[in-house]
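Asks: Here's a structure for you.
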Amino acid sequence: MKKQIVNLDKIGSVLKNVHPSQEVSVHYGEIDPVEGQVVVVQALNSQKKYGELELIDGRMSKIQEGDYIAGALGTRKALEGIVGMIPEKIGSGDVLNILNLGGLIGKALSWNKDYVSSPVQVKVLGSIFVNDTPLNIHTFSIPPQTSFDVKIPVIVIMGTAMGTGKTTVATSLVHTLSKQKNLNVAAAKLTGVAAQRDILAMQDAGAKQTLTFLDIGLTSTINHQAAVVPATKTILNILAKSNPDVIVAELGDGIIGWYGVDKLLENKEFIKLVSFTIVCAHDLVGAVGAQTMLNTHGLEVDFFSGPVTNNMAGTDYLEGILHIPSQDIREDYSHLLQTLMKKGVIHHD
């Protein structure tokens with residue numbers, strides 16, 4: 001098998017636990033088409049819309065034609081992004097696409113043109129080898145655990161779809177609890193596709209310790225729905241051992257979708273440890289649907305936020321008809337804090 005030393009221009013954040021050097025040994029030829037396999041590609045074009053790569057330090061960098069990029073094979077199905085998969089056969093010279101900001105590599109099948117002009121095309125060079133072994137992110141993951149061991153409050157933020165403000169709510173809540181209430185806050189992202197932007201935003205907001213499904217070796221939770229619950233057990237158990245006052249956990253994608261949120265909602269152990277639920281919705285139909293779905297799984301909606309709460313048209317209905325507290329918390333979080341205290345999740349000073 002032919003091999004060559006390649007100087008990388010960019011390393012996607014999907015490889016944050018692998019930390020390959022800028023100079024890597026690339027082996028040409030057939031590539032094992034499995035999720036998590038680390039590959040080197042060369043960008044064939046650039047794009048103004050959705051044409052950036054999130055690097056392992058969290059910095060965003062524009063992809064330029066000719067860039068040598070390290071990423072990992074993976075699958076994605078995003079309503080506001082790209083749908084792509086890992087081809088059954090991959091070899092040097094094949095043309096694939098960058099599927100997400102974190103450097104997931106696969107074959108784009110469909111994309112939302114409101115958000116993506118056209119997925120960046122890349123030519124496959126080969127696999128990165130270390131000591132004659134191809135790299136895969138699973139090698140650098142935390143082993144999954146089999147049961148929950150969490151005795152502290154867990155606040156779960158979920159939404160009816162992408163773009164409903166889940167991360168905005170999560171970061172605002174982390175900042176409020178850590179800076180205004182002086183609490184030790186840990187944060188997690190339990191489902192979605194690998195990128196560090198959301199979890200880094202939670203760190204910037206004040207979260208002392210953070211983990212995502214990527215740390216458990218998943219480039220996304222789309223084709224690993226059976227692994228979502230064990231990964232969640234591992235993440236929450238590790239965070240709980242750091243003895244925070246509260247864990248803020250975001251569920252990427254929507255309650256209905258491809259990323260395994262339903263598997264968590266069907267798990268009675270997970271339902272039992274959830275202390276407080278925040279649901280973000282675009283509109284009242286989504287809010288009512290989310291309430292109905294969560295109720296079937298034994299969960300109540302404790303608080304609504306997101307676009308449905310941007311003015312009184314939504315909040316009057318949610319609070320007056322559904323009798324569920326709601327608030328646009330981007331500028332005022334007092335109602336949310338009062339509700340958290342009323343539920344006993346946090347305590348009065």
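By convention here, the chains of the structure tokens are called A, B, ... in the order presented, each chain's residues are numbered starting at 1, and ligands are numbered starting at 1 in the order presented.
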May I have the residues within 12 Å of Asn311 in chain A as a PyMOL selection string, using only C-alpha atoms and disregarding those fewer than 6 positions away in the same chain?

Replies: chain A and resi 283+305+317-318+326-329

Asks: Quick one: pick out all alpha helix (DSSP H) residues within range 72-310 of chain A from a backbone DSSP run and write them as an NGL selection string.

Replies: :A and (166-175 or 197-205 or 225-241 or 261-265 or 268-273 or 284-296)

Asks: Taking 3 positions as the minimum chain separation for residues in the same chain, which residues sit within 7 Å of Val14 in chain A when counting only C-alpha atoms? Answer as a PyMOL selection string.

Replies: chain A and resi 71-72+102-104+194-195+219

Asks: Nearest residue to Leu125 in chain A out of A:Gly298, A:Pro153, A:Pro307, A:Gly91, using only C-alpha atoms?

Replies: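 When distances to Leu125 in chain A are compared using only C-alpha atoms, the smallest one comes from A:Gly91.
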
Asks: With only C-alpha atoms as the basis for distance, which of A:Leu96, A:Ala188, A:Phe129, A:Asn136 is at the shortest distance from Ser21 in chain A?

Replies: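 Nearest to Ser21 in chain A: A:Phe129.
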